[in-house]
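Have a look at start-v3.txt; it's compact mmCIF, C-alpha atoms:
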```txt
# COMPACT_ATOMS: atom_id res chain seq x y z
CA MET A 1 -60.04 -13.41 39.91
CA GLU A 2 -62.47 -10.60 39.13
CA SER A 3 -62.67 -7.55 41.35
CA GLY A 4 -65.82 -6.87 43.32
CA GLU A 5 -66.44 -3.74 41.21
CA LEU A 6 -66.39 -5.73 37.97
CA LEU A 7 -68.73 -8.38 39.38
CA GLU A 8 -71.12 -5.66 40.53
CA ALA A 9 -71.02 -4.03 37.09
CA ARG A 10 -71.89 -7.36 35.43
CA GLN A 11 -74.67 -7.99 37.93
CA THR A 12 -76.12 -4.51 37.32
CA LEU A 13 -75.99 -5.01 33.56
CA TYR A 14 -77.75 -8.38 33.75
CA ARG A 15 -80.46 -6.86 35.93
CA LEU A 16 -80.94 -3.90 33.56
CA LEU A 17 -81.09 -6.11 30.47
CA ALA A 18 -83.58 -8.41 32.18
CA HIS A 19 -85.82 -5.40 32.84
CA LEU A 20 -85.54 -4.22 29.21
CA TYR A 21 -86.79 -7.57 27.89
CA LEU A 22 -89.49 -8.00 30.52
CA HIS A 23 -91.02 -4.51 30.40
CA PRO A 24 -91.79 -1.80 27.84
CA PRO A 25 -89.41 1.16 28.30
CA GLU A 26 -90.13 3.86 30.89
CA LEU A 27 -88.64 7.31 31.44
CA SER A 28 -86.70 6.06 34.47
CA THR A 29 -85.25 3.19 32.42
CA LEU A 30 -84.12 5.54 29.66
CA ALA A 31 -82.50 7.83 32.24
CA THR A 32 -80.51 4.85 33.52
CA LEU A 33 -79.56 3.82 29.98
CA ARG A 34 -78.19 7.28 29.22
CA THR A 35 -75.60 6.81 31.97
CA ILE A 36 -74.19 3.64 30.38
CA PRO A 37 -71.53 3.91 27.63
CA GLY A 38 -72.61 2.15 24.45
CA LEU A 39 -76.29 2.22 25.37
CA GLY A 40 -76.87 5.86 26.27
CA ASP A 41 -76.38 7.26 22.78
CA ALA A 42 -79.31 5.22 21.44
CA ALA A 43 -81.75 6.12 24.26
CA PRO A 44 -84.30 8.82 23.30
CA GLU A 45 -84.74 11.84 25.57
CA THR A 46 -88.27 13.01 24.67
CA ILE A 47 -91.77 11.74 25.45
CA ASP A 48 -92.36 11.23 21.71
CA GLY A 49 -89.19 9.16 21.55
CA LEU A 50 -90.35 7.09 24.51
CA GLU A 51 -93.74 6.43 22.91
CA GLN A 52 -92.07 5.32 19.68
CA LEU A 53 -89.87 2.98 21.69
CA GLN A 54 -92.88 1.49 23.46
CA VAL A 55 -94.48 0.76 20.07
CA GLU A 56 -91.17 -0.76 18.96
CA TYR A 57 -91.10 -3.01 22.04
CA GLU A 58 -94.48 -4.51 21.11
CA TYR A 59 -93.48 -4.80 17.44
CA ILE A 60 -90.32 -6.73 18.27
CA PHE A 61 -91.25 -8.91 21.23
CA GLY A 62 -95.00 -9.18 20.73
CA ARG A 63 -95.11 -9.80 16.97
CA ASN A 64 -91.74 -10.99 15.71
CA ALA A 65 -89.03 -12.09 18.15
CA TYR A 66 -90.63 -14.12 20.92
CA PRO A 67 -88.24 -14.26 23.92
CA TYR A 68 -88.96 -17.79 25.18
CA GLU A 69 -86.42 -20.62 25.07
CA SER A 70 -89.06 -23.30 24.45
CA LEU A 71 -90.03 -21.74 21.10
CA TYR A 72 -86.46 -22.26 19.88
CA VAL A 73 -85.46 -25.63 21.31
CA ASP A 74 -88.75 -27.59 21.31
CA HIS A 75 -90.87 -28.63 18.31
CA ASP A 76 -94.24 -27.76 19.82
CA LEU A 77 -94.14 -23.98 19.23
CA MET A 78 -95.98 -23.59 22.51
CA LEU A 79 -95.19 -22.04 25.88
CA ASN A 80 -94.65 -24.01 29.07
CA THR A 81 -93.21 -27.09 27.38
CA ALA A 82 -90.16 -29.18 28.35
CA ALA A 83 -87.59 -26.37 28.09
CA ALA A 84 -89.70 -24.12 30.31
CA ASN A 85 -89.97 -26.90 32.89
CA ARG A 86 -86.21 -27.45 32.84
CA PHE A 87 -85.54 -23.78 33.51
CA ALA A 88 -88.22 -23.65 36.20
CA GLN A 89 -86.40 -26.53 37.92
CA LEU A 90 -83.11 -24.64 37.75
CA CYS A 91 -84.79 -21.59 39.33
CA GLN A 92 -86.12 -23.82 42.09
CA ASP A 93 -82.68 -25.37 42.63
CA CYS A 94 -81.22 -21.86 42.97
CA GLY A 95 -83.97 -20.48 45.20
CA PHE A 96 -84.85 -17.86 42.56
CA ALA A 97 -88.52 -17.01 42.93
CA GLU A 98 -88.72 -13.48 41.51
CA GLU A 99 -92.15 -12.80 40.01
CA SER A 100 -92.22 -11.57 36.40
CA PRO A 101 -95.11 -10.60 34.07
CA VAL A 102 -94.42 -13.35 31.52
CA GLY A 103 -96.30 -16.24 29.97
CA ALA A 104 -93.72 -18.90 30.85
CA PRO A 105 -90.69 -19.19 33.15
CA ASP A 106 -88.14 -19.55 30.31
CA HIS A 107 -88.46 -15.92 29.17
CA LEU A 108 -85.09 -14.35 28.36
CA GLY A 109 -85.69 -11.66 30.98
CA ARG A 110 -86.08 -14.29 33.71
CA GLN A 111 -82.96 -16.12 32.58
CA LEU A 112 -80.96 -12.89 32.66
CA GLY A 113 -82.55 -12.16 36.04
CA LEU A 114 -81.33 -15.50 37.36
CA MET A 115 -77.79 -14.61 36.28
CA ALA A 116 -78.06 -11.28 38.15
CA TYR A 117 -79.30 -13.15 41.23
CA LEU A 118 -76.44 -15.67 41.10
CA LEU A 119 -73.86 -12.91 40.61
CA ALA A 120 -75.23 -11.18 43.72
CA ILE A 121 -74.64 -14.43 45.62
CA GLU A 122 -71.11 -14.67 44.20
CA ILE A 123 -70.41 -11.10 45.38
CA ARG A 124 -71.71 -11.98 48.84
CA ALA A 125 -69.60 -15.15 48.96
CA LEU A 126 -66.44 -13.17 48.13
CA ARG A 127 -67.29 -10.55 50.73
CA GLU A 128 -67.89 -13.23 53.37
CA GLN A 129 -64.91 -15.33 52.18
CA ASN A 130 -67.19 -18.35 51.80
CA PRO A 131 -65.57 -20.73 49.25
CA ALA A 132 -68.43 -23.26 49.32
CA LEU A 133 -71.01 -20.59 48.46
CA LEU A 134 -68.66 -19.17 45.82
CA THR A 135 -68.38 -22.59 44.17
CA TRP A 136 -72.15 -23.04 44.29
CA ALA A 137 -72.86 -19.63 42.73
CA ARG A 138 -70.37 -20.09 39.89
CA ALA A 139 -71.49 -23.65 39.15
CA HIS A 140 -75.13 -22.55 38.83
CA GLN A 141 -74.13 -19.62 36.63
CA HIS A 142 -72.50 -22.19 34.38
CA ARG A 143 -75.71 -24.24 34.37
CA CYS A 144 -77.80 -21.22 33.42
CA LEU A 145 -75.39 -20.23 30.65
CA SER A 146 -74.59 -23.64 29.19
CA ASP A 147 -77.94 -25.42 29.61
CA HIS A 148 -80.10 -22.43 28.66
CA LEU A 149 -78.87 -18.99 27.59
CA ALA A 150 -76.00 -20.07 25.34
CA HIS A 151 -78.12 -22.68 23.59
CA TRP A 152 -80.83 -20.37 22.23
CA ALA A 153 -80.24 -16.69 23.04
CA PRO A 154 -77.68 -16.06 20.23
CA VAL A 155 -80.29 -17.25 17.69
CA PHE A 156 -83.05 -15.16 19.27
CA LEU A 157 -80.84 -12.06 19.47
CA GLY A 158 -80.12 -12.37 15.75
CA VAL A 159 -83.86 -12.07 15.14
CA VAL A 160 -83.99 -8.91 17.29
CA GLU A 161 -81.14 -7.36 15.30
CA ARG A 162 -82.87 -8.12 11.98
CA VAL A 163 -86.30 -6.93 13.11
CA ALA A 164 -85.53 -3.85 15.21
CA ASN A 165 -86.08 -0.46 13.61
CA HIS A 166 -84.82 1.54 16.59
CA PRO A 167 -81.05 1.52 17.20
CA LEU A 168 -81.58 1.07 20.95
CA TYR A 169 -82.92 -2.47 20.63
CA ARG A 170 -80.26 -3.42 18.10
CA THR A 171 -77.66 -2.19 20.59
CA VAL A 172 -79.38 -3.98 23.48
CA ALA A 173 -79.32 -7.23 21.48
CA GLN A 174 -75.61 -6.82 20.71
CA VAL A 175 -74.73 -6.05 24.33
CA THR A 176 -76.77 -9.03 25.54
CA LEU A 177 -75.05 -11.35 23.08
CA GLU A 178 -71.57 -10.18 24.06
CA LEU A 179 -72.36 -10.45 27.77
CA ILE A 180 -73.71 -14.01 27.50
CA LEU A 181 -70.91 -15.33 25.29
CA ASN A 182 -68.14 -13.57 27.22
CA ASP A 183 -69.51 -15.07 30.42
CA LEU A 184 -69.73 -18.49 28.75
CA GLU A 185 -66.02 -18.19 27.89
CA ARG A 186 -65.27 -17.21 31.48
CA SER A 187 -67.46 -20.00 32.87
CA ALA A 188 -65.87 -22.62 30.63
CA SER A 189 -62.46 -21.80 32.08
CA LEU A 190 -63.50 -22.09 35.73
CA PRO A 191 -61.05 -23.92 38.02
CA LEU A 192 -61.39 -27.69 38.14
CA TRP A 193 -62.86 -27.60 41.62
CA ILE A 194 -66.20 -26.75 40.02
CA PRO A 195 -68.05 -30.12 40.04
CA LEU A 196 -67.60 -31.77 36.68
CA ASP A 197 -71.28 -32.72 36.38
CA GLU A 198 -72.07 -28.98 36.37
CA ARG A 199 -69.84 -28.35 33.33
CA ARG A 200 -72.45 -29.24 30.76
CA VAL A 201 -72.45 -28.57 27.04
CA ALA A 202 -75.00 -29.19 24.32
CA PRO A 203 -74.80 -32.58 22.56
CA ASP A 204 -73.11 -32.73 19.19
CA PRO A 205 -75.90 -33.50 16.69
CA THR A 206 -73.38 -34.41 13.98
CA SER A 207 -72.17 -37.46 15.89
CA SER A 208 -75.13 -39.49 14.67
CA PRO A 209 -77.82 -39.04 12.00
CA VAL A 210 -80.70 -36.83 13.10
CA GLN A 211 -83.94 -38.75 13.39
CA ASP A 212 -87.14 -36.92 14.26
CA GLU A 213 -90.77 -36.77 13.31
CA ASP A 214 -90.11 -33.92 10.88
CA ALA A 215 -87.35 -35.58 8.87
CA GLY A 216 -89.83 -36.31 6.09
CA ALA A 217 -90.25 -32.60 5.48
CA LEU A 218 -86.69 -32.44 4.20
CA SER A 219 -87.54 -34.67 1.23
CA ALA A 220 -90.98 -33.25 0.39
CA HIS A 221 -91.67 -32.75 -3.34
CA THR A 222 -92.77 -29.25 -4.33
CA GLY A 223 -93.95 -30.51 -7.69
CA ASP A 224 -96.69 -32.46 -5.95
CA ASP A 225 -99.87 -30.46 -5.36
CA SER A 226 -100.49 -32.36 -2.14
CA ALA A 227 -101.35 -30.01 0.69
CA CYS A 228 -99.65 -32.43 3.05
CA ASP A 229 -96.29 -31.97 1.31
CA LEU A 230 -96.52 -28.17 1.40
CA ASN A 231 -97.56 -28.26 5.04
CA GLN A 232 -94.48 -30.38 5.79
CA ILE A 233 -92.25 -27.88 4.00
CA VAL A 234 -93.78 -24.93 5.85
CA ARG A 235 -93.46 -26.76 9.16
CA SER A 236 -89.78 -27.42 8.54
CA LEU A 237 -89.28 -23.71 7.86
CA ILE A 238 -91.09 -22.18 10.82
CA ILE A 239 -89.83 -24.45 13.62
CA PRO A 240 -86.44 -23.03 14.68
CA ASN A 241 -85.15 -26.35 16.02
CA ILE A 242 -85.67 -27.81 12.54
CA ALA A 243 -84.85 -24.83 10.31
CA GLY A 244 -81.81 -23.72 12.31
CA MET A 245 -83.15 -20.19 12.77
CA PHE A 246 -86.33 -18.36 13.72
CA ILE A 247 -88.05 -16.98 10.60
CA SER A 248 -90.19 -14.12 11.89
CA ARG A 249 -93.19 -12.36 10.39
CA TYR A 250 -90.77 -9.61 9.39
CA ASP A 251 -88.57 -12.11 7.54
CA ILE A 252 -91.55 -13.57 5.66
CA SER A 253 -92.74 -10.08 4.73
CA MET A 254 -89.26 -9.26 3.40
CA LEU A 255 -89.23 -12.45 1.32
CA GLY A 256 -92.56 -11.35 -0.15
CA ARG A 257 -91.29 -7.85 -0.93
CA ARG A 258 -88.31 -9.27 -2.79
CA LEU A 259 -90.79 -11.17 -4.97
CA ARG A 260 -93.06 -8.11 -5.16
CA ILE A 261 -95.70 -10.09 -3.31
CA LYS A 262 -97.61 -8.47 -0.47
CA ALA A 263 -97.74 -10.82 2.50
CA PRO A 264 -100.55 -9.78 4.92
CA ILE A 265 -99.52 -10.03 8.57
CA ARG A 266 -100.99 -13.26 9.93
CA GLU A 267 -99.79 -16.26 11.90
CA ARG A 268 -96.31 -17.28 10.65
CA LYS A 269 -97.35 -20.67 9.35
CA GLN A 270 -100.17 -19.19 7.30
CA MET A 271 -97.98 -16.35 6.02
CA MET A 272 -95.37 -18.83 4.78
CA ARG A 273 -98.06 -21.02 3.24
CA ASP A 274 -99.60 -18.01 1.47
CA LEU A 275 -96.19 -16.98 0.16
CA PHE A 276 -95.63 -20.37 -1.45
CA ASP A 277 -99.15 -20.41 -2.88
CA VAL A 278 -98.75 -17.00 -4.55
CA ALA A 279 -95.22 -17.81 -5.70
CA ALA A 280 -96.52 -20.98 -7.39
CA ARG A 281 -99.28 -19.00 -9.10
CA PHE A 282 -96.73 -16.64 -10.69
CA ASP A 283 -93.96 -19.20 -11.35
CA LEU A 284 -91.78 -17.66 -8.64
CA VAL A 285 -91.12 -20.74 -6.51
CA PRO A 286 -87.47 -21.13 -7.64
CA THR A 287 -86.83 -17.45 -6.86
CA LEU A 288 -88.50 -17.80 -3.45
CA LEU A 289 -86.31 -20.82 -2.69
CA ASP A 290 -83.22 -18.85 -3.76
CA HIS A 291 -84.11 -16.09 -1.29
CA LEU A 292 -84.70 -18.64 1.46
CA ASP A 293 -81.31 -20.17 0.76
CA GLU A 294 -79.76 -16.70 1.04
CA LEU A 295 -81.53 -16.14 4.37
CA PHE A 296 -80.21 -19.43 5.74
CA ALA A 297 -76.70 -18.75 4.39
CA THR A 298 -76.59 -15.31 6.04
CA GLU A 299 -77.57 -16.79 9.39
CA PHE A 300 -75.09 -19.65 8.96
CA TRP A 301 -72.19 -17.26 8.50
CA ARG A 302 -73.34 -15.01 11.33
CA LEU A 303 -73.24 -17.96 13.72
CA ALA A 304 -69.98 -19.25 12.25
CA VAL A 305 -68.32 -15.89 12.94
CA LEU A 306 -69.55 -16.05 16.54
CA THR A 307 -67.83 -19.42 17.00
CA GLU A 308 -64.58 -17.82 15.84
CA ARG A 309 -64.96 -15.02 18.38
CA TYR A 310 -66.22 -17.23 21.20
CA PRO A 311 -64.76 -20.77 20.95
CA ALA A 312 -66.58 -21.92 24.10
CA TRP A 313 -69.85 -21.49 22.20
CA THR A 314 -68.85 -23.98 19.47
CA ALA A 315 -70.53 -26.97 21.10
CA HIS A 316 -73.83 -25.11 21.17
CA ALA A 317 -73.40 -23.63 17.70
CA ARG A 318 -72.95 -27.04 16.08
CA HIS A 319 -76.64 -27.82 16.51
CA TRP A 320 -77.78 -24.63 14.75
CA LEU A 321 -75.14 -24.81 12.01
CA PHE A 322 -76.06 -28.44 11.29
CA ARG A 323 -79.75 -27.57 11.03
CA LEU A 324 -79.01 -24.59 8.78
CA GLU A 325 -76.97 -26.83 6.47
CA GLN A 326 -79.93 -29.23 6.32
CA SER A 327 -82.29 -26.38 5.49
CA ARG A 328 -80.05 -25.12 2.71
CA GLU A 329 -79.84 -28.63 1.28
CA MET A 330 -83.62 -28.93 1.48
CA VAL A 331 -84.35 -25.71 -0.42
CA ARG A 332 -81.77 -26.52 -3.09
CA ASP A 333 -83.30 -29.98 -3.58
CA LEU A 334 -86.79 -28.50 -3.69
CA ARG A 335 -85.70 -26.00 -6.33
CA ALA A 336 -84.23 -28.74 -8.52
CA GLN A 337 -87.33 -30.92 -8.07
CA TYR A 338 -89.65 -28.04 -8.92
CA LEU A 339 -87.76 -27.19 -12.11
CA THR A 340 -87.77 -30.85 -13.13
CA TYR A 341 -91.52 -31.01 -12.55
CA GLN A 342 -92.05 -27.86 -14.65
CA MET A 343 -90.06 -29.34 -17.52
CA GLN A 344 -92.08 -32.54 -17.37
CA GLU A 345 -95.35 -30.59 -17.35
CA SER A 346 -94.30 -28.52 -20.37
CA GLN A 347 -93.52 -31.58 -22.52
```
Structure re-expressed in structure tokens:
Amino acid sequence: MESGELLEARQTLYRLLAHLYLHPPELSTLATLRTIPGLGDAAPETIDGLEQLQVEYEYIFGRNAYPYESLYVDHDLMLNTAAANRFAQLCQDCGFAEESPVGAPDHLGRQLGLMAYLLAIEIRALREQNPALLTWARAHQHRCLSDHLAHWAPVFLGVVERVANHPLYRTVAQVTLELILNDLERSASLPLWIPLDERRVAPDPTSSPVQDEDAGALSAHTGDDSACDLNQIVRSLIIPNIAGMFISRYDISMLGRRLRIKAPIRERKQMMRDLFDVAARFDLVPTLLDHLDELFATEFWRLAVLTERYPAWTAHARHWLFRLEQSREMVRDLRAQYLTYQMQESQ
């Protein structure tokens, strides 16, 4: 069993990380960070450094890596959808009513805040020697981890690591990832007196063929000039729950740079559409698809390595790995179809 000091350290770290995702950095926050091994070295000490970090916060979380579960697990690409409602219900079940300046309840900062709240209850239960309250606190930590954080946060945190220019936010993302997955491992090995219906894992999507409204996008024909087909392709690329990863504005800009195409910063769907349009104009579609395949492959192996390090996360990872395999198959098929179309046109 963990010592009270270790529980308090975890609770403090969850609370600090929640604040870092919910709020732009402040001098007081940086002072706290400088006292923490692993985080302090990356925290700036000057006002200029703080201002740069505040700009970085908006660049990451306002323009590229959106910290809401619903944007990763639902198809709507909107806030306050089904995933947000599920997490709001969990907060209600736990009595967690902390106000936060966010657009929807499923913000990563609120989910980390719930974990800090539940750890505080666990600490109290140990102090009061209250086994029923201890069981309740641990079971709801497991719900928060398995039903929410573990399902989407590792994918989101990968976006933060790719996008961040400042080492502090890359470090924060790495610490958050390790904390969540270490706690998932710990939660998965809880004693059997935790109610079995609280020990939830994500469904295995490989157990049956995936059927959804976007399946047609996987067989769209790039050789066809139909706007509908290209829209389907773009849709399958920008919805994380279909693509297997979140392709940010930064990622699309980098794809453009590799093709020596300037991609103006716009809404992600339009940026991806523009990139395909320009690539088609300069006969660069096969090269663009090669770079997309490389992007998907890199994310696939990043997640695969995480499953090696954290076996308890495997059930959640299967969904993302399966989707990434589908995306890679899609872009390879599209490349072959495009080249076949070009050959037919040239004859």
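Comparing the minimum interatomic distances between A:Tyr68 and each of A:Asn241, A:Asn80, A:Gln141, A:Ser3, counting all atoms listed in the file, we find that A:Asn80 sits nearest.
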Practice problem: Please measure the separation of atom CA of A:Pro44 and atom CA of A:Leu168, giving the value in Å to one decimal. | Solution: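 It comes out at 8.5 Å.
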Self-check item: Selected residue of minimal separation from A:Glu69 among A:Ala317, A:Leu149, A:Val160, A:Ile121, counting only C-alpha atoms
Solution: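 Under the stated criterion, the closest residue is A:Leu149.
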Exercise. Find the spatial neighbours of A:Leu79, counting all atoms listed in the file, within a cut-off of 12 Å - ignore same-chain residues fewer than 5 positions away - and output them as a list in words.
Key: Tyr66, Pro67, Tyr68, Glu69, Ser70, Leu71, Tyr72, Val73, Asp74, Ala84, Asn85, Val102, Gly103, Ala104, Pro105, Asp106 and His107 of chain A
Which residues, written as a CSV table (one decimal) with C-alpha atoms, in the coordinates of the input, have at least one atom at most 12 Å from A:Thr32, with all atoms listed in the file counted and residues fewer than 4 positions away on the same chain left out?
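The file below, part-v6.csv, is the result:
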```csv
chain,number,residue,atom,x,y,z
A,12,THR,CA,-76.1,-4.5,37.3
A,13,LEU,CA,-76.0,-5.0,33.6
A,15,ARG,CA,-80.5,-6.9,35.9
A,16,LEU,CA,-80.9,-3.9,33.6
A,17,LEU,CA,-81.1,-6.1,30.5
A,19,HIS,CA,-85.8,-5.4,32.8
A,20,LEU,CA,-85.5,-4.2,29.2
A,25,PRO,CA,-89.4,1.2,28.3
A,26,GLU,CA,-90.1,3.9,30.9
A,27,LEU,CA,-88.6,7.3,31.4
A,28,SER,CA,-86.7,6.1,34.5
A,36,ILE,CA,-74.2,3.6,30.4
A,37,PRO,CA,-71.5,3.9,27.6
A,39,LEU,CA,-76.3,2.2,25.4
A,40,GLY,CA,-76.9,5.9,26.3
A,41,ASP,CA,-76.4,7.3,22.8
A,43,ALA,CA,-81.8,6.1,24.3
A,44,PRO,CA,-84.3,8.8,23.3
A,45,GLU,CA,-84.7,11.8,25.6
```
Practice problem: List the neighbours of A:Ile238 out to 10 Å using all atoms listed in the file; skip same-chain residues closer than 2 positions along the sequence, and give me the result as a list in words. | Solution: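 Answer for this query is His75, Leu77, Ile233, Val234, Arg235, Ser236, Pro240, Asn241, Ile242, Ala243, Gly244, Met245, Phe246, Ile247, Ser248, Arg268, Lys269 and Met272 of chain A.
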